[in-house]
Each structure stands twice: as C-alpha cells, then as structure tokens.
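Trainee: mmCIF, C-alpha atoms, file upload-v4.cif:
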data_query
#
loop_
_atom_site.label_atom_id
_atom_site.label_comp_id
_atom_site.auth_asym_id
_atom_site.auth_seq_id
_atom_site.Cartn_x
_atom_site.Cartn_y
_atom_site.Cartn_z
CA MET A 1 68.31 175.29 125.48
CA THR A 2 70.61 174.13 122.69
CA ASP A 3 74.38 173.88 122.85
CA SER A 4 76.58 175.80 120.45
CA SER A 5 78.70 174.12 117.72
CA LEU A 6 81.35 171.74 119.05
CA LEU A 7 84.57 173.75 119.04
CA ALA A 8 87.38 171.61 120.42
CA GLY A 9 90.58 173.10 119.00
CA PRO A 10 92.67 173.34 122.21
CA SER A 11 91.70 169.81 123.30
CA LEU A 12 92.63 168.38 119.91
CA ARG A 13 95.92 170.31 119.85
CA ARG A 14 96.91 169.03 123.30
CA LEU A 15 96.08 165.48 122.19
CA ARG A 16 98.27 165.84 119.08
CA LYS A 17 101.20 167.15 121.10
CA ARG A 18 100.77 164.39 123.67
CA GLU A 19 101.02 161.83 120.87
CA GLY A 20 104.06 163.59 119.37
CA LEU A 21 102.41 164.06 115.97
CA THR A 22 102.65 166.80 113.39
CA GLN A 23 99.45 168.24 111.98
CA ALA A 24 100.11 166.38 108.72
CA ALA A 25 100.53 163.05 110.51
CA MET A 26 97.39 163.42 112.64
CA ALA A 27 95.38 164.65 109.65
CA ALA A 28 96.42 161.58 107.65
CA SER A 29 95.41 159.32 110.54
CA LEU A 30 91.98 160.97 110.72
CA GLY A 31 91.45 161.05 106.96
CA ILE A 32 91.25 164.82 106.70
CA SER A 33 93.51 167.49 105.18
CA PRO A 34 96.20 169.21 107.27
CA SER A 35 94.61 172.59 106.45
CA TYR A 36 91.25 171.40 107.80
CA LEU A 37 92.90 170.12 110.99
CA ASN A 38 94.62 173.48 111.36
CA LEU A 39 91.25 175.26 111.17
CA ILE A 40 89.78 172.87 113.79
CA GLU A 41 92.70 173.47 116.16
CA ARG A 42 92.24 177.24 115.79
CA ASN A 43 88.49 176.88 116.49
CA GLN A 44 87.67 178.21 113.05
CA ARG A 45 85.82 175.00 112.22
CA PRO A 46 83.68 172.80 114.50
CA LEU A 47 84.63 169.21 115.22
CA SER A 48 82.25 167.05 113.17
CA ALA A 49 80.74 163.85 114.56
CA ARG A 50 82.66 161.76 112.02
CA VAL A 51 86.03 163.25 112.96
CA LEU A 52 85.21 162.99 116.66
CA VAL A 53 84.51 159.26 116.28
CA GLN A 54 87.86 158.85 114.48
CA VAL A 55 89.68 160.71 117.28
CA ILE A 56 88.05 158.55 119.97
CA GLU A 57 88.82 155.28 118.17
CA ARG A 58 92.41 156.04 117.13
CA PHE A 59 93.73 157.95 120.13
CA ASP A 60 91.78 156.68 123.15
CA PHE A 61 90.35 160.19 123.55
CA ASP A 62 87.83 160.97 126.32
CA PRO A 63 85.16 163.23 124.75
CA ARG A 64 84.37 164.70 128.17
CA ASP A 65 87.63 166.66 127.87
CA ILE A 66 85.98 168.81 125.21
CA ARG A 67 83.60 170.25 127.77
CA GLU A 68 86.27 170.98 130.36
CA ASP A 69 85.26 174.67 130.37
CA GLU A 70 81.99 173.74 132.10
CA ALA A 71 83.94 173.24 135.33
CA ILE A 72 84.52 176.98 135.50
CA GLY A 73 81.10 178.00 134.18
CA GLY A 74 82.19 178.82 130.62
CA VAL A 75 82.22 182.43 129.46
CA ASP A 76 79.61 183.37 132.07
CA GLY A 77 81.77 181.95 134.84
CA LEU A 78 84.77 183.93 133.68
CA ALA A 79 82.64 187.06 133.30
CA ARG A 80 81.47 186.81 136.92
CA ARG A 81 85.06 186.56 138.11
CA MET A 82 86.25 189.38 135.86
CA ALA A 83 83.48 191.61 137.23
CA ASP A 84 85.52 191.85 140.44
CA LYS A 85 86.35 195.51 141.14
CA ARG A 86 90.06 194.61 141.02
CA PHE A 87 89.73 194.17 137.25
CA ALA A 88 87.34 197.07 136.58
CA ASP A 89 89.95 199.29 134.92
CA LEU A 90 90.86 196.64 132.32
CA GLY A 91 87.61 196.89 130.33
CA ILE A 92 87.59 193.18 129.45
CA ASP A 93 84.48 192.32 127.46
CA ARG A 94 82.76 189.00 126.78
CA GLU A 95 84.37 188.66 123.36
CA GLU A 96 87.83 188.72 124.90
CA LEU A 97 86.75 186.18 127.51
CA ARG A 98 85.29 183.95 124.81
CA GLU A 99 88.59 184.09 122.91
CA PHE A 100 90.57 183.42 126.11
CA LEU A 101 88.47 180.33 126.88
CA SER A 102 88.61 179.14 123.29
CA VAL A 103 92.34 179.56 122.68
CA ALA A 104 93.69 178.76 126.16
CA PRO A 105 91.11 176.83 128.19
CA GLN A 106 93.68 175.45 130.65
CA ALA A 107 95.03 178.93 131.32
CA ALA A 108 91.44 180.11 131.87
CA ALA A 109 90.87 177.22 134.27
CA ALA A 110 94.08 178.12 136.11
CA PHE A 111 92.92 181.73 136.47
CA ALA A 112 89.51 180.59 137.75
CA ARG A 113 91.11 178.22 140.26
CA LEU A 114 93.49 180.89 141.52
CA TYR A 115 90.67 183.42 141.83
CA ASP A 116 88.38 180.98 143.66
CA ASN A 117 91.09 179.86 146.05
CA SER A 118 92.13 183.42 146.80
CA ASP A 119 88.55 184.10 147.92
CA ALA A 120 88.77 181.24 150.39
CA THR A 121 92.24 181.88 151.80
CA THR A 122 92.42 185.67 151.94
CA PRO A 123 91.00 187.19 155.14
CA SER A 124 87.74 188.91 154.28
CA ASP A 125 85.65 191.54 155.99
CA ASP A 126 82.70 190.65 153.76
CA PRO A 127 81.26 187.28 154.90
CA ALA A 128 78.09 187.84 152.89
CA GLY A 129 80.21 188.42 149.79
CA ASP A 130 82.18 185.24 150.49
CA ALA A 131 78.95 183.25 150.70
CA ARG A 132 77.57 184.89 147.56
CA ARG A 133 80.71 184.06 145.56
CA ALA A 134 80.49 180.44 146.73
CA VAL A 135 76.89 180.30 145.48
CA GLU A 136 77.97 181.79 142.15
CA ARG A 137 80.69 179.17 141.70
CA TRP A 138 77.91 176.58 141.79
CA GLN A 139 75.70 178.80 139.57
CA ASN A 140 73.17 178.30 142.39
CA HIS A 141 72.54 174.70 141.36
CA PHE A 142 73.10 171.93 143.91
CA PRO A 143 72.11 168.68 142.17
CA ASP A 144 72.41 166.37 145.18
CA LEU A 145 69.90 168.48 147.12
CA ASP A 146 67.54 168.50 144.14
CA HIS A 147 67.64 164.73 143.76
CA ALA A 148 67.12 164.16 147.49
CA ALA A 149 64.18 166.57 147.53
CA GLU A 150 62.57 164.88 144.52
CA GLU A 151 62.78 161.49 146.18
CA LEU A 152 61.18 162.83 149.35
CA SER A 153 58.50 164.68 147.38
CA ASP A 154 57.56 161.49 145.55
CA GLN A 155 57.52 159.58 148.83
CA LEU A 156 55.18 162.14 150.41
CA ARG A 157 53.13 162.56 147.22
CA LEU A 158 53.41 166.32 147.50
CA SER A 159 51.98 166.86 144.03
CA ARG A 160 48.50 166.14 145.35
CA GLY A 161 46.40 166.97 148.38
CA ASP A 162 47.11 169.45 151.15
CA LEU A 163 50.80 170.34 151.01
CA ALA A 164 50.99 171.83 154.50
CA ALA A 165 49.22 168.80 155.98
CA ALA A 166 51.59 166.38 154.23
CA LEU A 167 54.68 168.27 155.42
CA SER A 168 53.34 168.56 158.97
CA GLU A 169 52.56 164.85 159.01
CA ARG A 170 56.15 164.09 157.98
CA LEU A 171 57.44 166.08 160.94
CA ARG A 172 55.06 164.31 163.29
CA GLU A 173 55.64 160.74 162.09
CA LYS A 174 59.39 160.78 161.43
CA HIS A 175 60.63 163.39 163.90
CA ARG A 176 57.92 163.49 166.59
CA LEU A 177 57.45 167.22 166.09
CA THR A 178 54.16 169.08 165.86
CA VAL A 179 53.56 172.41 164.15
CA ARG A 180 52.06 175.15 166.28
CA ILE A 181 51.04 178.65 165.22
CA LEU A 182 51.73 181.20 167.99
CA PRO A 183 50.68 184.85 168.50
CA ALA A 184 53.09 187.53 167.33
CA ASP A 185 53.66 188.83 170.86
CA VAL A 186 54.86 185.37 171.93
CA MET A 187 57.43 185.33 169.08
CA PRO A 188 58.54 188.96 168.75
CA GLY A 189 60.74 189.47 165.71
CA MET A 190 60.82 185.74 164.90
CA MET A 191 59.30 183.80 162.02
CA ALA A 192 59.83 180.30 163.42
CA ARG A 193 61.72 178.45 166.10
CA LEU A 194 62.27 174.83 167.07
CA ASP A 195 61.34 174.02 170.68
CA LEU A 196 62.79 170.58 171.33
CA HIS A 197 61.54 170.55 174.92
CA ALA A 198 57.94 170.91 173.76
CA ARG A 199 58.68 168.93 170.54
CA GLN A 200 57.21 171.76 168.48
CA LEU A 201 58.04 173.75 165.39
CA GLN A 202 56.56 177.09 166.41
CA ILE A 203 55.57 179.51 163.63
CA SER A 204 54.48 183.12 163.98
CA GLU A 205 50.90 183.95 163.11
CA MET A 206 52.27 186.85 161.05
CA LEU A 207 53.36 184.45 158.33
CA GLY A 208 50.98 183.71 155.47
CA GLY A 209 50.28 180.27 154.05
CA ALA A 210 53.21 180.15 151.61
CA ALA A 211 55.67 181.32 154.26
CA ARG A 212 54.35 178.77 156.78
CA ARG A 213 54.77 175.92 154.30
CA TYR A 214 58.27 177.15 153.53
CA GLN A 215 59.23 177.11 157.22
CA ILE A 216 57.97 173.55 157.61
CA ALA A 217 59.85 172.43 154.47
CA ARG A 218 62.96 174.18 155.76
CA GLN A 219 62.81 172.33 159.07
CA ILE A 220 62.46 169.03 157.23
CA ALA A 221 65.51 169.93 155.15
CA VAL A 222 67.53 170.69 158.29
CA LEU A 223 66.58 167.36 159.83
CA GLU A 224 66.80 165.08 156.79
CA HIS A 225 69.43 166.64 154.52
CA ARG A 226 71.88 167.79 157.17
CA ASP A 227 74.77 165.67 155.84
CA LEU A 228 74.33 166.92 152.27
CA ILE A 229 74.17 170.51 153.47
CA GLU A 230 77.28 170.20 155.64
CA THR A 231 79.20 168.55 152.79
CA LEU A 232 78.43 171.56 150.60
CA VAL A 233 79.45 173.98 153.34
CA GLU A 234 82.78 172.23 153.88
CA GLY A 235 83.41 172.10 150.14
CA ALA A 236 82.86 175.85 149.79
CA ASN A 237 86.16 176.55 151.62
CA ILE A 238 84.91 179.77 153.18
CA ALA A 239 87.40 181.10 155.71
CA SER A 240 85.10 182.86 158.19
CA SER A 241 82.52 181.13 160.35
CA GLU A 242 80.03 183.92 159.58
CA GLY A 243 80.51 183.36 155.87
CA ARG A 244 79.97 179.61 156.33
CA ASP A 245 76.80 180.30 158.32
CA LYS A 246 75.44 182.50 155.55
CA PHE A 247 76.25 179.88 152.91
CA ARG A 248 74.67 177.18 155.10
CA GLU A 249 71.53 179.29 155.37
CA HIS A 250 71.41 179.66 151.59
CA VAL A 251 71.71 175.95 150.80
CA THR A 252 69.19 175.11 153.54
CA ASN A 253 66.73 177.52 151.93
CA TYR A 254 67.59 175.90 148.59
CA ALA A 255 66.69 172.49 150.00
CA ALA A 256 63.33 173.82 151.21
CA SER A 257 62.56 175.30 147.78
CA SER A 258 63.55 172.03 146.13
CA LEU A 259 61.02 170.20 148.25
CA LEU A 260 58.21 172.64 147.49
CA MET A 261 59.13 172.86 143.78
CA PRO A 262 60.70 169.51 142.79
CA TYR A 263 63.10 170.01 139.91
CA SER A 264 61.68 167.95 137.03
CA ARG A 265 58.03 168.69 137.77
CA PHE A 266 58.80 172.36 138.25
CA LEU A 267 60.77 172.63 135.01
CA ARG A 268 57.98 170.91 133.05
CA ALA A 269 55.48 173.38 134.46
CA CYS A 270 57.76 176.28 133.52
CA GLU A 271 58.08 175.10 129.94
CA GLN A 272 54.40 174.28 129.56
CA THR A 273 53.27 177.70 130.81
CA GLY A 274 55.99 179.84 129.23
CA TYR A 275 57.36 180.54 132.72
CA ASP A 276 54.12 182.33 133.60
CA LEU A 277 54.82 183.70 137.09
CA ALA A 278 51.18 184.00 138.15
CA VAL A 279 50.37 180.42 137.13
CA LEU A 280 53.50 178.98 138.74
CA THR A 281 52.94 180.67 142.10
CA ARG A 282 49.42 179.24 142.25
CA ARG A 283 50.29 175.78 140.96
CA PHE A 284 53.03 175.26 143.54
CA THR A 285 51.36 177.40 146.25
CA VAL A 286 54.51 179.47 146.76
CA SER A 287 55.17 183.20 146.99
CA LEU A 288 56.67 185.24 144.17
CA GLU A 289 59.79 185.67 146.29
CA GLN A 290 60.21 181.89 146.64
CA LEU A 291 59.45 181.33 142.96
CA ALA A 292 61.99 183.92 141.84
CA ASP A 293 64.82 182.28 143.79
CA ARG A 294 63.91 178.86 142.42
CA LEU A 295 64.00 180.11 138.82
CA THR A 296 67.72 180.84 139.20
CA THR A 297 68.54 177.16 139.91
CA LEU A 298 67.52 175.34 136.73
CA GLN A 299 70.91 174.10 135.53
CA ARG A 300 70.66 170.30 135.72
CA VAL A 301 72.82 168.65 133.05
CA GLY A 302 70.54 167.40 130.26
CA GLU A 303 67.55 169.15 131.79
CA ARG A 304 68.35 172.84 131.81
CA GLY A 305 65.88 175.66 132.18
CA LEU A 306 66.29 179.31 131.26
CA PRO A 307 69.10 181.27 132.97
CA PHE A 308 67.46 183.89 135.21
CA PHE A 309 69.00 186.21 137.75
CA CYS A 310 67.06 187.43 140.77
CA ALA A 311 67.44 190.48 143.03
CA ARG A 312 65.50 192.05 145.89
CA PHE A 313 65.33 195.70 146.87
CA GLY A 314 64.32 197.55 150.00
CA ARG A 315 62.00 200.55 149.91
CA THR A 316 64.98 202.94 149.89
CA GLY A 317 66.22 201.38 146.66
CA ARG A 318 69.14 199.48 148.19
CA MET A 319 69.72 196.02 146.77
CA ILE A 320 69.63 193.52 149.63
CA HIS A 321 69.78 190.20 147.80
CA PHE A 322 71.21 189.02 144.48
CA ILE A 323 71.55 185.63 142.78
CA ALA A 324 73.21 185.44 139.37
CA GLY A 325 72.39 181.79 138.71
CA ALA A 326 73.65 180.88 135.23
CA SER A 327 72.63 184.23 133.75
CA GLY A 328 76.13 185.69 133.71
CA ALA A 329 74.77 188.89 135.25
CA ALA A 330 77.20 190.75 137.48
CA TYR A 331 75.61 193.42 139.63
CA PRO A 332 76.95 195.18 142.73
CA LEU A 333 75.09 194.91 146.00
CA GLU A 334 75.89 198.47 146.96
CA GLY A 335 76.36 201.79 145.25
CA ALA A 336 73.96 201.20 142.36
CA ARG A 337 71.04 203.58 141.91
CA TRP A 338 69.22 203.25 138.60
CA PRO A 339 65.94 205.19 139.00
CA ALA A 340 64.85 204.31 135.46
CA TRP A 341 64.82 200.58 136.27
CA VAL A 342 61.48 198.90 136.84
CA PRO A 343 62.02 197.67 140.45
CA TYR A 344 61.93 201.26 141.66
CA ALA A 345 58.54 201.89 140.01
CA ALA A 346 57.16 198.64 141.43
CA PHE A 347 56.79 200.25 144.86
CA GLU A 348 54.28 202.67 143.37
CA ARG A 349 52.29 199.85 141.74
CA ARG A 350 51.75 197.50 144.65
CA GLY A 351 51.21 193.89 143.60
CA SER A 352 51.44 194.59 139.85
CA LEU A 353 53.97 192.77 137.68
CA LEU A 354 55.93 195.37 135.70
CA THR A 355 58.14 194.45 132.75
CA GLN A 356 60.96 196.28 131.03
CA SER A 357 63.62 195.78 128.36
CA VAL A 358 66.94 197.27 129.51
CA LEU A 359 70.63 197.48 128.68
CA PHE A 360 73.30 197.02 131.33
CA GLY A 361 76.47 195.05 131.88
CA GLU A 362 78.46 195.76 135.01
CA GLY A 363 82.18 195.68 134.25
CA GLU A 364 81.61 194.97 130.54
CA ALA A 365 82.59 197.21 127.65
CA ILE A 366 79.33 196.57 125.79
CA PRO A 367 76.09 196.53 127.85
CA ARG A 368 73.94 193.42 127.47
CA HIS A 369 70.25 193.36 126.60
CA TRP A 370 67.96 192.05 129.35
CA PHE A 371 64.25 191.46 129.82
CA THR A 372 63.29 192.16 133.45
CA MET A 373 60.14 191.66 135.54
CA ALA A 374 59.45 193.22 138.94
CA SER A 375 56.77 193.25 141.60
CA THR A 376 56.47 193.95 145.31
CA PHE A 377 55.88 191.48 148.10
CA GLU A 378 55.40 191.85 151.83
CA ILE A 379 57.41 190.29 154.62
CA SER A 380 56.42 190.09 158.25
CA GLY A 381 58.07 192.43 160.71
CA GLU A 382 58.08 192.63 164.46
CA ALA A 383 55.13 195.00 164.58
CA CYS A 384 54.02 195.52 160.99
CA LEU A 385 54.48 194.42 157.41
CA SER A 386 57.36 195.80 155.35
CA ARG A 387 57.54 195.77 151.59
CA ARG A 388 60.25 194.59 149.23
CA ALA A 389 60.58 194.51 145.46
CA VAL A 390 61.76 191.40 143.64
CA VAL A 391 63.13 191.51 140.11
CA LEU A 392 63.78 188.64 137.72
CA GLY A 393 66.00 189.14 134.70
CA ILE A 394 67.02 187.13 131.66
CA GLU A 395 68.91 187.95 128.50
CA ALA A 396 66.39 189.22 125.96
CA ARG A 397 67.40 186.57 123.42
CA TYR A 398 65.78 183.93 125.69
CA ALA A 399 62.62 185.93 126.44
CA GLU A 400 60.71 185.64 123.17
CA ASN A 401 58.43 182.82 124.35
CA LEU A 402 57.93 184.00 127.94
CA ALA A 403 54.29 184.50 128.85
CA ASP A 404 55.07 187.72 130.69
CA ALA A 405 57.04 189.15 127.73
CA ARG A 406 54.01 189.28 125.45
CA GLY A 407 53.48 192.78 124.13
CA VAL A 408 56.97 193.95 125.16
CA SER A 409 59.40 194.97 122.44
CA LEU A 410 62.58 192.92 122.61
CA ASP A 411 64.34 195.06 120.02
CA PRO A 412 67.54 196.36 121.65
CA LEU A 413 66.88 199.75 120.03
CA ASP A 414 63.78 200.05 122.26
CA ALA A 415 65.59 199.02 125.45
CA ILE A 416 66.24 201.50 128.26
CA PRO A 417 69.99 202.04 128.88
CA LEU A 418 70.80 201.86 132.59
CA GLY A 419 73.84 203.65 133.89
CA THR A 420 74.81 205.10 130.50
CA PRO A 421 75.91 207.79 130.12
CA CYS A 422 76.66 209.64 133.36
CA LYS A 423 76.34 213.40 133.09
CA ALA A 424 78.43 213.87 136.22
CA CYS A 425 81.58 211.91 135.32
CA GLY A 426 81.07 210.88 131.70
CA LYS A 427 81.85 207.19 132.36
CA VAL A 428 79.99 204.77 130.13
CA ASN A 429 79.56 202.21 132.91
CA CYS A 430 79.03 204.57 135.85
CA LEU A 431 76.85 203.02 138.57
CA THR A 432 75.38 206.26 139.89
CA PRO A 433 74.03 208.12 136.85
CA ALA A 434 71.65 211.03 136.91
CA PRO A 435 68.01 209.89 136.94
CA GLY A 436 66.90 208.51 133.59
CA ARG A 437 63.49 208.37 132.04
CA MET A 438 60.84 205.99 133.32
CA ALA A 439 59.67 203.35 130.87
CA LEU A 440 56.41 201.98 132.14
#
Kindly transcribe the structure held in the file into structure tokens.
Mentor:
Amino acid sequence: MTDSSLLAGPSLRRLRKREGLTQAAMAASLGISPSYLNLIERNQRPLSARVLVQVIERFDFDPRDIREDEAIGGVDGLARRMADKRFADLGIDREELREFLSVAPQAAAAFARLYDNSDATTPSDDPAGDARRAVERWQNHFPDLDHAAEELSDQLRLSRGDLAAALSERLREKHRLTVRILPADVMPGMMARLDLHARQLQISEMLGGAARRYQIARQIAVLEHRDLIETLVEGANIASSEGRDKFREHVTNYAASSLLMPYSRFLRACEQTGYDLAVLTRRFTVSLEQLADRLTTLQRVGERGLPFFCARFGRTGRMIHFIAGASGAAYPLEGARWPAWVPYAAFERRGSLLTQSVLFGEGEAIPRHWFTMASTFEISGEACLSRRAVVLGIEARYAENLADARGVSLDPLDAIPLGTPCKACGKVNCLTPAPGRMAL
C-alpha cells in the first residue's frame, strides 16, 4: 500500500510560528517564494523532498512530526470515533474529517484524546463495547505480540512438519504439560481447560484439527506472553473488570493467531496468492474464522497488508462479533438487519464462499463502496454443532487484485446499496430498511 502525497502544512506553520518568522522570512530561508510557502501551509501543495531537507537542516525539524496524525489513526481513526451514536445527528462525512485533520491536526488529536479518555473514565454498562473500542484504538494490531510470536515460531520451526506435534512438544518440554483429548460428556459445554493437578491441557473431542491447534497455541500464549498481554490490558484503561477480561481474551486470542500465522510469512503468502482464502486456510492449517480475524491485523509499519474488516453473524441474523481493523468501517453490533447483504444468504449455501459489491457507511453522509466475502463455519456446542457466518470486507478500491474478486464487478454503479433508502422512515442511513433485492 502506498502513502499519499506528503501534506505537512500545519506542521510547517507551527514551526514557523515557533521560530517567530513571517512567511516571507521563512520562504527566503528555504529558497522558495512566499506564495509557494503559503500554498504548502494551506495543504494545497505537497512538501517536496528538497524543501523538507532544507527545513530539517535549517530549523532542527523532526520529520516524524509530519505523521503525527497516525497516533489517532488518521481519517479512519476519526471516522470510527465520529460514528458514535452521540454524533449521529451531525452528518459529518469523511471529507469534513479529512479537512479537520489537515487544517487542525492538534485539535483533532485533542478531540481523539478526550473521546478515548471519556470511554475509560465514564461508567459503562457495555463492557463488550469498552473492549471493542480499545481494540479499535489499536486498529487491532499489537506489534509486540507479533514480534514475540515470530521469534517463537522460528524457534519451534513451525513452518515445517506437524504443527500440532510441535506445539504439544513445546508444552511438554517447557511447561511440563501434556495435551489430552477427552470425550464431550466429560467436558460438557467446554472447549478446553487447564488441569494443573494432572498437568494436562484437556481439549474436547468436539473440536476439529484447526480448533485443537488454536487451543494449544492459546495456552502457550497465556504461559509465555503473559507479561505482554497484561501490559496491553493495563494500557487500555478500561474501567470495568468485565471489560478488561474481554479485552484480555481478545489479545490472548490475537497472540495465538500470531503464533499460527506469523506476521511476515503470513503477509508474504497473502500477497503471493492474492489473499486467496482457500489457499491460505490450507497453507496455515487454520479455519476460515481464524483466518478472517488475522486478516484484520496487518498494519505493521513498513510492512502493511490490506485493511479488512471482519464480522460474524448468528443464524438469526444478529451480528455477534465485529473487528474494524484499519478498514475505517463503522458498523453497529445491534439493530442492523440488511437482508440483501451476502452473509444472510451464506446460511443457505453451506460452505460456499459468496462475494458481493455493496454500498454502506454507518454514520456517514455518503455510503462507501465495499467488496465483501462471506461463508459459514461450524462451532462446537454442548450437544451439537451450531453454524455461524463470517464476512470479510474491504474497500472496493483495494479489491482489484484479490483472487476471490475475479469475475465480480467493482463498478460502484453495480454495487448493492444497503440500508438506503428506507421506505418506512425515509432516512438515507436507516439501519432497518425494508428487505432489498438479493444479489447472488
């Protein structure tokens, strides 16, 4: 992914004021015209490499200040915060947010800091929401966990041989724990448990191979990355203990995924295969559910992947899980019913990967164009298997080279509008529209 032109007007303007210079004086020092400097400060011209070098040499300028907006997630970070229902009546679109960030980046940072801190200090009756917002502030990318998992993966040589055997051997050698598969009636309603008295990680027979490997990797993460995980939990500043527990569970699952799909090797495989979901699940011996969550994490500086979001639905159509990643998608976890969207049809096409080009943008004046993919997967229950649908989405402008987008029109004129218009209330961004047409 390529960065946009280097627009640094506010940073340059603050530097000039700090030095007590007029535009004419600074322009003369940099060897450019005052009118050109004026355009740069107003973000109507990019900062060229030559001028940037002059600024660094003459004014002891730290070029990292230019990218200060990354601390709040840029326009996408502001969009996620503005999607809060408290701002829904304002109709703020991405263009306004882009202008806000461009013209007044420090004011934007102040708003983001105030919003984030209010989440942590205000009593909340939504612990899951608190945890989700903490994940979104990180854009679901925790670099320290990724680096630790890569080191361990290299040490265990997980890219070759029997993955489950290598993980089980790690538990046995380093932690004196054995893995034991137990009958479902011995572990009713449980996927796995740690029995320290018997020195066993006990896993239900109801779990398939990918889920068993995931549970072993998760236990290794709990034992070996505990300090990293607790540091992240403390840094999230979540007020409620239940919210902290949910965030802890998320980052622990993240650590397990990082071990099964080490960052650099996983990203290379994604790029080589065009993010082919079928190939990636087989190559890393993971489930589609595990793969989908991992695809939302690829935001390492200098080694970024595509910005996906991921959601899961129950059979009734209720969304039960959502990760925005760096996609900028803002989607409510309750109240939304879009029958025309592909996840709903996935339940009728068990195991098939369905694709769809759609338009939606929760809380935005102009809906955005997305390419989405959905399929069902099964999870173990106490007495039977239950089915869920997982959906991956990415802005259509990034989808051209995706393996699973071949044959799908990415023309926004062919996209299915979701939630627009509503025949009942007439709102353009209504979340409960009358059923639309199916596009499969």
Trainee: Can you list, as number ranges by chain, every protein, DNA or RNA residue that comes within 12 Å of Arg58 (chain A) when you count all atoms listed in the file, leaving out same-chain residues fewer than 3 positions away?
Mentor: A: 15-16, 19, 26-31, 51-55, 61-62
Trainee: Looking at A:Ser386, A:Asn38, A:Ser264, A:Gln299, which one is nearest to Thr22 (chain A), with distances taken over all atoms listed in the file?
Mentor: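 Using all atoms listed in the file, Thr22 (chain A) sits closest to A:Asn38.
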Trainee: Quick one: distance from CA of Gly317 (chain A) to CA of Ser375 (chain A) in Å, one decimal?
Mentor: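 Here the two named atoms are 13.5 Å from each other.
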Trainee: I'd like the contact shell of His141 (chain A) - 12 Å cut-off, only C-alpha atoms, skipping same-chain residues fewer than 3 positions apart - returned as a PyMOL selection string.
Mentor: chain A and resi 73+134-138+144-147+232+250-251+254-255+257-258+263+293-301+304-305+307+323-326
Trainee: Counting all atoms listed in the file, which residues have an atom no more than 7 Å from (62.4, 198.2, 127.8) in the file's coordinates? Please list them as an MDAnalysis selection string.
Mentor: chainID A and resid 356:358 409 414:416 439
Trainee: Box in all listed atoms of region 305-322 of chain A, axis-aligned, with 6 Å more on each side; write out centre and edge lengths in Å to one decimal as AutoDock Vina command-line options.
Mentor:
--center_x 66.6 --center_y 189.3 --center_z 140.6 --size_x 21.2 --size_y 39.3 --size_z 30.7
Trainee: Which of these residues is nearest to Asp130 (chain A), using all atoms listed in the file: A:Arg244, A:Arg218, A:Arg199, A:Arg172?
Mentor: A:Arg244
